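Enquirer: Contents are mmCIF, C-alpha atoms and all ligand atoms; file name start_33.cif:
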data_my_file
loop_
_atom_site.label_atom_id
_atom_site.label_comp_id
_atom_site.auth_asym_id
_atom_site.auth_seq_id
_atom_site.Cartn_x
_atom_site.Cartn_y
_atom_site.Cartn_z
CA MET Q 120 -44.52 13.34 17.32
CA MET Q 121 -40.81 13.60 16.96
CA SER Q 122 -38.80 10.66 18.07
CA SER Q 123 -35.59 11.52 19.82
CA LEU Q 124 -32.28 9.75 19.27
CA PRO Q 125 -30.81 7.78 22.17
CA ARG Q 126 -28.32 9.84 24.13
CA SER Q 127 -25.42 7.57 23.23
CA THR Q 128 -26.20 8.05 19.53
CA VAL Q 129 -26.33 11.83 19.89
CA LYS Q 130 -23.01 11.77 21.70
CA MET Q 131 -21.51 9.57 19.02
CA LEU Q 132 -22.77 11.88 16.25
CA LEU Q 133 -21.40 14.93 18.05
CA ASN Q 134 -18.03 13.25 18.41
CA ILE Q 135 -17.99 12.36 14.74
CA LEU Q 136 -18.94 15.95 13.89
CA ALA Q 137 -16.18 17.34 16.08
CA ALA Q 138 -13.69 15.00 14.50
CA CYS Q 139 -14.93 15.89 11.01
CA ILE Q 140 -14.46 19.58 11.72
CA ALA Q 141 -10.98 18.95 13.09
CA THR Q 142 -10.09 16.84 10.09
CA ASN Q 143 -11.62 19.19 7.56
CA ILE Q 144 -9.16 21.80 8.68
CA GLN Q 145 -6.52 19.39 7.46
CA ALA Q 146 -8.54 17.91 4.60
CA GLY Q 147 -9.38 21.41 3.33
CA ALA Q 148 -5.71 21.81 2.65
CA GLN Q 149 -5.20 18.44 0.98
CA THR Q 150 -1.73 19.42 -0.13
CA MET Q 151 -0.77 19.38 3.54
CA PHE Q 152 -0.56 15.62 3.27
CA ILE Q 153 2.78 15.43 1.55
CA PRO Q 154 3.87 11.92 0.53
CA GLY Q 155 6.48 10.60 2.93
CA GLN Q 156 5.53 13.04 5.70
CA THR Q 157 3.91 12.04 8.98
CA TYR Q 158 0.90 13.64 10.68
CA PHE Q 159 -0.59 13.05 14.12
CA GLY Q 160 -4.04 13.20 15.66
CA ALA Q 161 -4.76 14.56 19.15
CA ASN Q 162 -2.09 13.60 21.73
CA ASN Q 163 -0.21 11.68 19.03
CA TYR Q 164 -2.51 8.69 19.55
CA ILE Q 165 -3.01 8.21 15.83
CA GLU Q 166 -0.23 8.55 13.26
CA TYR Q 167 -0.57 8.93 9.50
CA THR Q 168 2.26 8.85 6.99
CA ALA Q 169 0.97 10.04 3.63
CA GLY Q 170 1.87 8.05 0.54
CA ASN Q 171 1.98 8.14 -3.24
CA VAL Q 172 1.43 4.52 -4.25
CA PRO Q 173 -2.07 2.96 -4.31
CA ILE Q 174 -1.42 0.98 -1.13
CA ILE Q 175 -2.83 1.69 2.34
CA ILE Q 176 -1.45 -0.16 5.38
CA THR Q 177 -2.89 -0.03 8.90
CA ALA Q 178 -1.79 -1.30 12.33
CA PRO Q 179 -4.82 -1.13 14.65
CA HIS Q 180 -3.52 -3.45 17.41
CA GLY Q 181 0.19 -2.65 17.69
CA GLY Q 182 -0.02 0.37 20.03
CA ASP Q 183 1.76 0.68 23.38
CA MET Q 184 0.54 4.02 24.78
CA SER Q 185 -1.48 3.67 27.99
CA PRO Q 186 -2.55 7.18 29.04
CA SER Q 187 -4.39 7.40 32.36
CA GLU Q 188 -7.01 9.75 30.85
CA ILE Q 189 -8.49 6.74 29.03
CA PRO Q 190 -9.78 3.95 31.31
CA THR Q 191 -9.04 0.33 30.50
CA ARG Q 192 -11.70 -1.10 28.21
CA ASN Q 193 -14.06 -3.36 30.04
CA CYS Q 194 -16.81 -5.39 28.42
CA PRO Q 195 -17.56 -9.12 28.26
CA GLN Q 196 -16.36 -9.44 24.66
CA CYS Q 197 -13.53 -6.88 24.88
CA VAL Q 198 -10.15 -8.26 23.80
CA THR Q 199 -7.30 -6.25 25.31
CA THR Q 200 -4.25 -8.22 24.17
CA ALA Q 201 -2.07 -6.34 21.68
CA ASP Q 202 -0.76 -7.90 18.44
CA ALA Q 203 2.94 -8.13 19.30
CA ALA Q 204 5.40 -6.26 17.08
CA THR Q 205 2.80 -5.28 14.46
CA GLN Q 206 3.57 -1.56 14.89
CA GLU Q 207 7.25 -2.33 14.23
CA LEU Q 208 6.23 -4.54 11.32
CA VAL Q 209 4.16 -1.82 9.67
CA ARG Q 210 6.90 0.79 10.16
CA THR Q 211 9.39 -1.61 8.57
CA MET Q 212 6.93 -2.27 5.74
CA GLY Q 213 6.93 1.48 5.05
CA GLY Q 214 10.66 1.34 4.35
CA SER Q 215 10.43 -1.89 2.34
CA PHE Q 216 7.58 -0.68 0.13
CA GLN Q 217 9.40 2.59 -0.46
CA ARG Q 218 12.54 0.78 -1.59
CA ILE Q 219 10.65 -1.68 -3.80
CA PHE Q 220 8.19 0.79 -5.35
CA GLY Q 221 10.40 3.87 -5.25
CA CYS Q 222 7.49 5.72 -3.56
CA SER Q 223 5.66 5.61 -0.20
CA PRO Q 224 2.60 3.63 0.86
CA HIS Q 225 -0.03 5.29 3.07
CA ILE Q 226 0.40 4.10 6.67
CA ILE Q 227 -2.00 4.61 9.58
CA ILE Q 228 -0.98 3.44 13.07
CA ASN Q 229 -3.05 3.35 16.25
CA ARG Q 230 -0.43 4.04 18.92
CA LEU Q 231 -2.85 3.43 21.81
CA HIS Q 232 -2.66 0.05 23.49
CA ARG Q 233 -5.63 -2.19 22.79
CA ARG Q 234 -6.55 -1.86 26.49
CA LYS Q 235 -7.42 1.77 25.69
CA LEU Q 236 -8.72 1.56 22.12
CA ASP Q 237 -9.51 -1.32 19.78
CA ALA Q 238 -9.16 0.24 16.32
CA ASN Q 239 -10.70 -2.80 14.62
CA ARG Q 240 -14.17 -2.71 16.22
CA GLU Q 241 -17.23 -0.47 15.92
CA ILE Q 242 -16.98 2.61 18.10
CA VAL Q 243 -18.96 1.36 21.14
CA GLU Q 244 -16.88 -1.75 21.73
CA ALA Q 245 -13.74 0.05 20.51
CA ALA Q 246 -13.81 3.10 22.78
CA GLN Q 247 -16.27 2.19 25.57
CA GLY Q 248 -17.79 5.69 25.55
CA ASN Q 249 -14.57 7.51 26.46
CA PRO Q 250 -14.38 10.83 24.53
CA GLN Q 251 -10.58 10.73 24.00
CA ALA Q 252 -10.74 7.15 22.78
CA GLU Q 253 -13.68 8.00 20.53
CA ARG Q 254 -11.77 10.93 19.10
CA ALA Q 255 -8.78 8.71 18.35
CA TRP Q 256 -11.09 6.12 16.76
CA ASN Q 257 -12.59 8.80 14.50
CA GLU Q 258 -9.16 10.13 13.56
CA PHE Q 259 -7.96 6.61 12.71
CA HIS Q 260 -10.80 6.13 10.22
CA LEU Q 261 -10.67 9.67 8.86
CA PHE Q 262 -6.96 9.27 8.08
CA ILE Q 263 -7.79 6.03 6.26
CA ASP Q 264 -10.56 7.86 4.38
CA SER Q 265 -8.09 10.62 3.41
CA ALA Q 266 -5.62 8.02 2.17
CA LYS Q 267 -8.37 6.29 0.16
CA GLN Q 268 -9.36 9.60 -1.43
CA ALA Q 269 -5.74 10.33 -2.36
CA VAL Q 270 -5.39 6.85 -3.90
CA ILE Q 271 -8.62 7.23 -5.89
CA ARG Q 272 -7.58 10.69 -7.13
CA SER Q 273 -4.18 9.51 -8.34
CA PHE Q 274 -4.81 5.92 -9.39
CA GLY Q 275 -8.56 5.24 -9.51
CA ARG Q 276 -8.20 2.07 -7.44
CA GLY Q 277 -5.93 0.51 -4.84
CA LEU Q 278 -5.24 -2.09 -2.18
CA TYR Q 279 -5.73 -1.87 1.59
CA LEU Q 280 -3.81 -4.15 4.01
CA ASP Q 281 -4.95 -4.35 7.65
CA MET Q 282 -2.00 -5.88 9.54
CA HIS Q 283 -2.45 -8.08 12.63
CA GLY Q 284 -0.71 -10.84 14.56
CA HIS Q 285 -2.33 -14.10 15.66
CA GLY Q 286 -1.33 -16.57 18.36
CA HIS Q 287 -2.68 -19.67 16.63
CA SER Q 288 -0.58 -22.82 16.66
CA ILE Q 289 -0.34 -23.30 12.87
CA GLN Q 290 2.47 -21.02 11.72
CA ARG Q 291 1.01 -19.51 8.57
CA LEU Q 292 -0.33 -16.15 7.43
CA GLU Q 293 -4.11 -15.99 7.64
CA LEU Q 294 -5.42 -13.82 4.81
CA GLY Q 295 -8.91 -12.56 5.59
CA TYR Q 296 -11.15 -11.67 2.66
CA LEU Q 297 -14.32 -11.70 4.82
CA LEU Q 298 -15.04 -15.29 3.76
CA ARG Q 299 -15.52 -17.71 6.65
CA ASP Q 300 -13.58 -20.96 6.91
CA ASN Q 301 -16.61 -23.03 5.86
CA GLU Q 302 -17.12 -20.73 2.85
CA LEU Q 303 -13.49 -21.10 1.75
CA ASN Q 304 -14.11 -24.87 1.88
CA LEU Q 305 -16.66 -24.51 -0.94
CA PRO Q 306 -15.72 -25.48 -4.52
CA ASP Q 307 -14.33 -22.76 -6.82
CA ASP Q 308 -17.52 -22.68 -8.89
CA THR Q 309 -19.56 -21.84 -5.81
CA LEU Q 310 -17.12 -19.14 -4.63
CA ASN Q 311 -17.35 -17.62 -8.12
CA THR Q 312 -21.11 -17.05 -7.85
CA VAL Q 313 -22.48 -13.54 -7.34
CA ARG Q 314 -23.51 -14.46 -3.79
CA TYR Q 315 -19.98 -15.19 -2.56
CA VAL Q 316 -18.32 -12.45 -4.59
CA GLY Q 317 -20.77 -10.17 -2.77
CA PHE Q 318 -19.25 -11.23 0.58
CA SER Q 319 -15.68 -10.61 -0.59
CA SER Q 320 -13.30 -7.81 0.32
CA ILE Q 321 -11.80 -7.95 -3.21
CA ARG Q 322 -15.15 -7.51 -4.94
CA SER Q 323 -13.93 -4.67 -7.14
CA LEU Q 324 -10.92 -6.68 -8.35
CA VAL Q 325 -13.14 -9.66 -9.22
CA GLY Q 326 -15.20 -7.29 -11.38
CA THR Q 327 -12.18 -5.78 -13.16
CA ASN Q 328 -8.82 -7.48 -13.43
CA THR Q 329 -6.39 -7.61 -16.32
CA GLN Q 330 -6.47 -11.38 -16.88
CA GLY Q 331 -10.19 -11.82 -16.33
CA MET Q 332 -9.57 -14.06 -13.33
CA ARG Q 333 -12.49 -15.32 -11.29
CA HIS Q 334 -12.91 -14.92 -7.54
CA ALA Q 335 -11.47 -18.31 -6.49
CA GLN Q 336 -8.39 -17.86 -8.69
CA LEU Q 337 -7.72 -14.46 -7.09
CA LEU Q 338 -8.07 -16.04 -3.64
CA ARG Q 339 -6.04 -19.24 -4.15
CA GLY Q 340 -4.92 -19.68 -7.76
CA ASP Q 341 -1.65 -18.83 -9.47
CA GLY Q 342 -1.06 -15.17 -8.82
CA ALA Q 343 -3.17 -14.98 -5.63
CA LEU Q 344 -1.43 -12.98 -2.91
CA GLY Q 345 -1.31 -16.06 -0.63
CA THR Q 346 0.30 -18.11 -3.41
CA LEU Q 347 2.92 -15.41 -4.08
CA LEU Q 348 3.72 -15.20 -0.36
CA GLY Q 349 3.93 -19.00 -0.12
CA GLN Q 350 6.42 -19.02 -2.99
CA ARG Q 351 8.57 -16.58 -1.02
CA GLY Q 352 8.64 -18.86 2.04
CA TYR Q 353 5.60 -17.55 3.94
CA PRO Q 354 2.89 -20.26 4.06
CA SER Q 355 -0.51 -18.60 3.70
CA VAL Q 356 -4.14 -19.61 3.75
CA PRO Q 357 -5.96 -19.31 1.37
CA SER Q 358 -3.36 -19.97 -1.35
CA LYS Q 359 -2.68 -22.50 -4.07
CA GLN Q 360 -0.51 -24.41 -1.60
CA ASP Q 361 -3.10 -24.26 1.24
CA PRO Q 362 -6.48 -23.47 -0.35
CA PHE Q 363 -8.68 -23.31 2.77
CA PRO Q 364 -8.48 -23.73 6.55
CA ARG Q 365 -9.71 -27.14 7.69
CA ILE Q 366 -12.92 -26.97 9.70
CA GLY Q 367 -11.86 -26.54 13.31
CA ASP Q 368 -8.57 -24.80 12.47
CA ASP Q 369 -8.17 -21.42 14.11
CA TYR Q 370 -8.61 -18.84 11.35
CA PHE Q 371 -9.40 -15.11 11.27
CA ASP Q 372 -11.44 -14.12 8.21
CA GLY Q 373 -11.21 -10.33 8.46
CA GLY Q 374 -12.62 -7.76 10.87
CA TYR Q 375 -14.34 -4.40 11.11
CA ASN Q 376 -11.65 -2.46 9.21
CA THR Q 377 -11.59 -4.88 6.29
CA ALA Q 378 -15.38 -4.71 6.02
CA ARG Q 379 -15.50 -0.94 6.35
CA HIS Q 380 -12.62 0.07 4.10
CA SER Q 381 -12.52 -2.60 1.36
CA SER Q 382 -14.61 -2.94 -1.80
CA TYR Q 383 -16.94 -5.26 0.15
CA ARG Q 384 -18.96 -2.10 0.80
CA GLY Q 385 -18.48 -0.82 -2.76
CA GLY Q 386 -15.84 1.44 -4.26
CA THR Q 387 -12.58 0.50 -5.93
CA ILE Q 388 -10.22 -0.05 -2.98
CA ASP Q 389 -9.84 -3.78 -2.44
CA GLY Q 390 -8.63 -4.97 0.92
CA LEU Q 391 -7.72 -7.83 3.15
CA GLN Q 392 -6.66 -8.56 6.69
CA ILE Q 393 -3.26 -10.16 7.09
CA GLU Q 394 -2.96 -12.04 10.38
CA CYS Q 395 0.73 -12.79 10.81
CA ASN Q 396 2.05 -15.81 12.66
CA PHE Q 397 4.87 -15.15 15.12
CA VAL Q 398 7.69 -17.58 14.30
CA GLY Q 399 9.86 -16.32 11.46
CA VAL Q 400 7.66 -13.28 10.84
CA ARG Q 401 7.54 -11.16 14.02
CA ASP Q 402 10.00 -12.86 16.38
CA SER Q 403 13.07 -10.68 15.66
CA PRO Q 404 13.93 -7.44 13.91
CA ALA Q 405 15.70 -9.44 11.18
CA ALA Q 406 12.60 -11.64 10.64
CA ILE Q 407 10.39 -8.55 10.46
CA ARG Q 408 12.69 -6.94 7.90
CA ARG Q 409 12.83 -10.01 5.70
CA PHE Q 410 9.05 -10.50 5.84
CA ALA Q 411 8.37 -6.81 5.12
CA ASP Q 412 10.62 -6.99 2.04
CA SER Q 413 8.96 -10.21 0.84
CA LEU Q 414 5.48 -8.80 1.35
CA ALA Q 415 6.40 -5.65 -0.61
CA VAL Q 416 7.66 -7.78 -3.52
CA ALA Q 417 4.58 -10.04 -3.39
CA VAL Q 418 2.20 -7.05 -3.33
CA GLN Q 419 4.06 -5.43 -6.23
CA GLU Q 420 3.71 -8.67 -8.20
CA PHE Q 421 0.02 -8.92 -7.24
CA LEU Q 422 -0.63 -5.38 -8.51
CA ARG Q 423 1.35 -6.00 -11.70
CA LEU Q 424 -0.56 -9.21 -12.45
CA HIS Q 425 -4.08 -7.99 -11.82
CA TYR Q 426 -4.46 -4.22 -11.70
CA ALA Q 427 -4.52 -1.95 -14.70
CA PHE Q 428 -4.10 1.58 -13.46
CA PRO Q 429 -5.66 4.13 -15.77
CA LEU Q 430 -2.98 6.77 -15.43
CA PRO Q 431 0.74 6.43 -16.08
CA ASN Q 432 2.56 7.34 -12.90
CA ALA Q 433 6.21 7.40 -11.96
CA CYS Q 434 5.38 5.64 -8.71
CA LEU Q 435 4.15 2.57 -10.58
CA ALA Q 436 6.85 2.51 -13.24
CA THR Q 437 8.48 -0.35 -11.38
CA SER Q 438 5.80 -2.58 -12.85
CA VAL Q 439 7.86 -2.31 -16.03
CA VAL Q 440 9.99 -5.29 -15.11
CA GLU Q 441 13.56 -4.92 -16.22
CA ASN Q 442 16.73 -6.30 -14.80
CA TYR Q 443 19.43 -3.74 -15.00
CA THR Q 444 22.60 -4.35 -13.11
CA ASN Q 445 25.13 -2.16 -14.87
CA THR Q 446 24.32 1.05 -13.02
CA SER Q 447 27.89 1.99 -12.34
CA SER Q 448 29.28 3.37 -15.58
CA VAL Q 449 28.99 7.09 -16.28
CA ASP Q 450 29.24 8.73 -19.71
CA LYS Q 451 30.71 12.19 -20.02
CA GLU Q 452 28.49 13.09 -22.99
CA LEU Q 453 25.47 13.17 -20.70
CA THR Q 454 25.33 16.10 -18.29
CA ILE Q 455 22.77 16.09 -15.49
CA PHE Q 456 22.37 19.18 -13.32
CA PRO Q 457 21.97 20.66 -10.76
CA GLN Q 458 23.08 17.94 -8.36
CA PRO Q 459 21.55 17.30 -5.94
CA SER Q 460 18.07 18.26 -7.14
CA ALA Q 461 14.65 18.21 -5.51
CA ASN Q 462 11.69 18.58 -7.86
CA GLU Q 463 13.22 18.64 -11.32
CA ILE Q 464 16.52 17.96 -12.94
CA HIS Q 465 17.99 18.94 -16.32
CA LEU Q 466 19.38 16.42 -18.79
CA ARG Q 467 21.65 17.95 -21.44
CA ILE Q 468 21.38 15.62 -24.40
CA PRO Q 469 23.88 15.51 -27.29
CA PRO Q 470 22.47 17.50 -30.25
CA GLU Q 471 22.69 14.56 -32.65
CA TRP Q 472 20.00 12.86 -30.55
CA GLU Q 473 17.23 14.95 -32.10
CA THR Q 474 15.51 11.77 -33.28
CA GLY Q 475 14.40 11.11 -29.74
CA PHE Q 476 15.34 8.85 -26.87
CA VAL Q 477 14.07 6.72 -24.00
CA VAL Q 478 14.96 7.86 -20.49
CA SER Q 479 14.97 5.31 -17.68
CA VAL Q 480 15.81 5.93 -14.03
CA PHE Q 481 16.81 3.07 -11.72
CA ASP Q 482 17.00 2.98 -7.97
CA MET Q 483 19.88 1.23 -6.25
CA LEU Q 484 18.04 -2.09 -6.29
CA GLY Q 485 17.78 -1.90 -10.08
CA ASN Q 486 14.03 -1.13 -10.09
CA VAL Q 487 12.83 1.12 -12.90
CA VAL Q 488 11.30 4.14 -11.19
CA VAL Q 489 10.89 6.35 -14.28
CA HIS Q 490 10.41 5.25 -17.88
CA ARG Q 491 9.67 7.88 -20.54
CA VAL Q 492 9.78 7.94 -24.30
CA GLN Q 493 10.71 11.26 -25.86
CA GLU Q 494 9.92 11.58 -29.57
CA PHE Q 495 11.70 14.38 -31.42
CA SER Q 496 13.72 16.64 -29.20
CA ASN Q 497 13.97 20.38 -29.24
CA PHE Q 498 17.59 21.13 -28.50
CA SER Q 499 17.07 24.76 -27.75
CA GLN Q 500 16.16 23.47 -24.27
CA ASP Q 501 17.37 20.79 -21.90
CA TYR Q 502 15.13 17.82 -21.23
CA ILE Q 503 13.60 18.46 -17.82
CA LEU Q 504 12.72 15.46 -15.72
CA ALA Q 505 10.23 15.86 -12.86
CA THR Q 506 11.66 14.20 -9.76
CA ASP Q 507 9.24 15.33 -7.06
CA ALA Q 508 7.78 11.81 -6.77
CA LEU Q 509 11.18 10.19 -6.22
CA PRO Q 510 12.41 9.75 -2.65
CA SER Q 511 15.78 11.20 -1.75
CA GLY Q 512 18.61 9.00 -2.88
CA VAL Q 513 21.09 8.12 -5.58
CA TYR Q 514 19.77 6.91 -8.93
CA ALA Q 515 21.19 5.70 -12.20
CA VAL Q 516 19.91 7.40 -15.35
CA ARG Q 517 20.04 5.66 -18.70
CA LEU Q 518 19.30 7.26 -22.04
CA GLN Q 519 18.82 5.17 -25.14
CA GLN Q 520 18.79 6.93 -28.47
CA ARG Q 521 15.70 5.79 -30.33
CA PHE Q 522 17.39 5.50 -33.75
CA ARG Q 523 19.35 7.44 -36.29
CA GLN Q 524 18.30 7.52 -39.87
CA ALA Q 525 20.92 7.35 -42.62
CA GLY Q 526 19.28 7.51 -46.00
CA ALA Q 527 16.31 5.20 -45.68
CA GLN Q 528 18.02 2.95 -43.15
CA TYR Q 529 17.95 3.05 -39.39
CA ILE Q 530 21.33 2.54 -37.85
CA GLY Q 531 22.35 1.45 -34.38
CA SER Q 532 21.31 3.55 -31.44
CA LYS Q 533 23.56 4.62 -28.61
CA THR Q 534 23.20 4.40 -24.83
CA LEU Q 535 24.43 6.94 -22.25
CA ARG Q 536 24.53 6.55 -18.48
CA ALA Q 537 24.96 8.92 -15.55
CA MET Q 538 24.23 9.15 -11.86
CA MET Q 539 21.62 11.46 -10.33
CA ILE Q 540 21.21 12.57 -6.74
CA ILE Q 541 17.78 13.60 -5.41
CA ALA Q 542 17.54 15.39 -2.07
CA HIS Q 543 14.22 16.78 -0.82
ZN ZN Z 1 -5.39 -7.86 15.70
#
As structure tokens, how would this structure be written, given the file I've shared?
Ligand SMILES: [Zn+2]

Expert:
Amino acid sequence: MMSSLPRSTVKMLLNILAACIATNIQAGAQTMFIPGQTYFGANNYIEYTAGNVPIIITAPHGGDMSPSEIPTRNCPQCVTTADAATQELVRTMGGSFQRIFGCSPHIIINRLHRRKLDANREIVEAAQGNPQAERAWNEFHLFIDSAKQAVIRSFGRGLYLDMHGHGHSIQRLELGYLLRDNELNLPDDTLNTVRYVGFSSIRSLVGTNTQGMRHAQLLRGDGALGTLLGQRGYPSVPSKQDPFPRIGDDYFDGGYNTARHSSYRGGTIDGLQIECNFVGVRDSPAAIRRFADSLAVAVQEFLRLHYAFPLPNACLATSVVENYTNTSSVDKELTIFPQPSANEIHLRIPPEWETGFVVSVFDMLGNVVVHRVQEFSNFSQDYILATDALPSGVYAVRLQQRFRQAGAQYIGSKTLRAMMIIAH
């Protein structure tokens, strides 16, 4: 006897299949997802901006579209209140991360109001059986899956941030790693056991991190994301400053997206839910901008402290920390052409530099976005620098001669500077 699937399950599978076919048309041409460019699902309900850093950001509850073709969600447990200003926050974060990293994060936004689709629930509660809502739900997750695949291909591992806004009275960021408030109240030694690491959305990072930190340290020690945010003026729980929510405090520990897309379910993309308080974070465009910048800096520091990425990549070169303020002087001995350039640019190096040099490129904030060491140069050709990963803008280029040998002695090296304009 064959058992038949319930009708709702069949319908769900058919919807997933339809969405997979639709997405495979795009996924089949992976190069269509060009970093920095934006793609839309059906009716523009879901928006994906492709990236080239190992960071994925989502806004499931910040939508404001209320099309009449999708009825208002209606179930006893259905929450229909949107997370105010989180769409604006995530868009602003895109700009902040690009400035800080020199490259783009992956961003997926649900533009439908939560009345129509809850993009942080399983499909039944999320879409209430409406085909258009179900399609948007599938697109939302398929775009995240595409972003995860791109991150894995380029970097091997990465970090996923699911952005929300809470209305709780304590004004602090609630970082959700899928550990409940009573679990975060446990001693470090208990949180470090296999059992609790198994519940965590940063499971992969606990298994492999550059300083061999244990689970509790990564949640609330020096160098935890909450601690770094607290140091920048954004109180966070858990963190070194505020290690766990008191029993009875309102606290969100992470939802469907965090469970589905983080290393909790395996893989090498760690994740967390960031529930943002309103005051000083989302209550004005200036507050949003300042918070987005601070979060980008904190995430960059978090990656630099804990993640070793297997491949060198121009988009992570900013983790080479260097303060460089003198970006203004220009040396005539160094010719850079053509200007502006898109994908590659020529550096004409003085012939006496055949012993090699170090080329560094800085963005206007002084971040190192390219750092290369060239051994012995062949001066029959210019040095060609690939610039396809750099966003359009003005950059400072610095060349440091490695050394010059006179007899058996190395003598002082020289530095040249010039400006470079990239326009894609
Ligand atoms: Zn939310």

Enquirer: I'd like to know which of Q:Tyr514, Q:Tyr426, Q:Phe152, Q:Phe274 is closest to Gln458 of chain Q, using only C-alpha atoms.

Expert: Q:Tyr514

Enquirer: Check which residues fall inside 9 Å of ligand ZN 1 (chain Z) when counting only C-alpha atoms and all ligand atoms, and print them as a list in words.

Expert: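 Answer in the requested format: Ala178, Pro179, His180, Gly181, Thr200, Ala201, Asp202, Thr205, Asp237, Ala238, Asn239, Asp281, Met282, His283, Gly284, His285, Gly374 and Glu394 of chain Q.
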
Enquirer: Around (-2.4, -20.9, 13.6) in the file's own coordinates, what residues are found within 12 Å if you use all atoms listed in the file, given back as a short mmCIF file (atom, residue, chain, number, x, y, z; two decimals) with C-alpha atoms, keeping the file's coordinate frame?

Expert:
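result17.cif, freshly written:
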data_model
loop_
_atom_site.label_atom_id
_atom_site.label_comp_id
_atom_site.auth_asym_id
_atom_site.auth_seq_id
_atom_site.Cartn_x
_atom_site.Cartn_y
_atom_site.Cartn_z
CA GLY Q 284 -0.71 -10.84 14.56
CA HIS Q 285 -2.33 -14.10 15.66
CA GLY Q 286 -1.33 -16.57 18.36
CA HIS Q 287 -2.68 -19.67 16.63
CA SER Q 288 -0.58 -22.82 16.66
CA ILE Q 289 -0.34 -23.30 12.87
CA GLN Q 290 2.47 -21.02 11.72
CA ARG Q 291 1.01 -19.51 8.57
CA LEU Q 292 -0.33 -16.15 7.43
CA GLU Q 293 -4.11 -15.99 7.64
CA LEU Q 294 -5.42 -13.82 4.81
CA PRO Q 354 2.89 -20.26 4.06
CA SER Q 355 -0.51 -18.60 3.70
CA VAL Q 356 -4.14 -19.61 3.75
CA PRO Q 364 -8.48 -23.73 6.55
CA ARG Q 365 -9.71 -27.14 7.69
CA GLY Q 367 -11.86 -26.54 13.31
CA ASP Q 368 -8.57 -24.80 12.47
CA ASP Q 369 -8.17 -21.42 14.11
CA TYR Q 370 -8.61 -18.84 11.35
CA PHE Q 371 -9.40 -15.11 11.27
CA GLU Q 394 -2.96 -12.04 10.38
CA CYS Q 395 0.73 -12.79 10.81
CA ASN Q 396 2.05 -15.81 12.66
CA PHE Q 397 4.87 -15.15 15.12
CA VAL Q 398 7.69 -17.58 14.30
#

Enquirer: In Å, with one decimal, what is the gap from atom CA of Ala203 of chain Q to atom CA of Tyr279 of chain Q?

Expert: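 Atom-to-atom, atom CA of Ala203 of chain Q to atom CA of Tyr279 of chain Q, that is 20.7 Å.
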
Enquirer: Would you compute the distance between atom CA of Ala245 of chain Q and atom CA of Ser381 of chain Q? Give it in Å to one decimal.

Expert: 19.4 Å

Enquirer: Assuming 8 Å of padding per side, give the centre and edge lengths of the axis-aligned box around every listed atom of segment 485-492 of chain Q, in Å to one decimal and as JSON.

Expert:
{"center_x": 13.7, "center_y": 3.0, "center_z": -17.2, "size_x": 24.1, "size_y": 25.8, "size_z": 30.2}

Enquirer: How many Å separate atom CA of Arg276 of chain Q from atom CA of Val172 of chain Q?

Expert: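 Straight-line distance from atom CA of Arg276 of chain Q to atom CA of Val172 of chain Q works out to 10.4 Å.
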
Enquirer: Kindly indicate which residue among Q:Ala508, Q:Ala343, Q:Val492, Q:Ile263 lies nearest to Tyr296 of chain Q, using all atoms listed in the file for the distances.

Expert: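 Using all atoms listed in the file, the shortest distance to Tyr296 of chain Q belongs to Q:Ala343.
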
Enquirer: So which one's closest to Gly386 of chain Q, Q:Gly277, Q:Gly170, Q:Gly331, Q:Gly342? Using only C-alpha atoms, please.

Expert: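 Closest candidate: Q:Gly277.
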
Enquirer: Determine, counting all atoms listed in the file, which protein, DNA and RNA residues have an atom within 7 Å of an atom of segment 189-198 of chain Q; residues of the same chain fewer than 6 positions away are not included. Present the result as a list in words.

Expert: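 Neighbouring residues, sequence-local ones excluded: Arg234, Lys235, Glu244, Gln247, Asn249, Gln251 and Ala252 of chain Q.
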
Enquirer: Looking at only C-alpha atoms, which of Q:Gly399, Q:Pro457, Q:Pro250, Q:Pro362 is the one that sits closest to Arg339 of chain Q?

Expert: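 Smallest separation from Arg339 of chain Q among the options: Q:Pro362.
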
Enquirer: Neighbours of Ile321 of chain Q within 8 Å (only C-alpha atoms; same-chain residues fewer than 6 positions away dropped), as a list in words?

Expert: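 Within the cut-off, the hits are Tyr296, Ser381, Ser382, Tyr383, Asp389, Gly390 and Leu391 of chain Q.
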
Enquirer: Could the residues in this selection be written to a file with C-alpha atoms, as a short mmCIF file (atom, residue, chain, number, x, y, z; two decimals), keeping the file's coordinate frame?

Expert:
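part-v4.cif written:
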data_model
loop_
_atom_site.label_atom_id
_atom_site.label_comp_id
_atom_site.auth_asym_id
_atom_site.auth_seq_id
_atom_site.Cartn_x
_atom_site.Cartn_y
_atom_site.Cartn_z
CA TYR Q 296 -11.15 -11.67 2.66
CA SER Q 381 -12.52 -2.60 1.36
CA SER Q 382 -14.61 -2.94 -1.80
CA TYR Q 383 -16.94 -5.26 0.15
CA ASP Q 389 -9.84 -3.78 -2.44
CA GLY Q 390 -8.63 -4.97 0.92
CA LEU Q 391 -7.72 -7.83 3.15
#

Enquirer: So which residues fall inside 12 Å of (8.6, 14.7, 6.1) if we count only C-alpha atoms? Mind giving them as a count of residues only?

Expert: 16
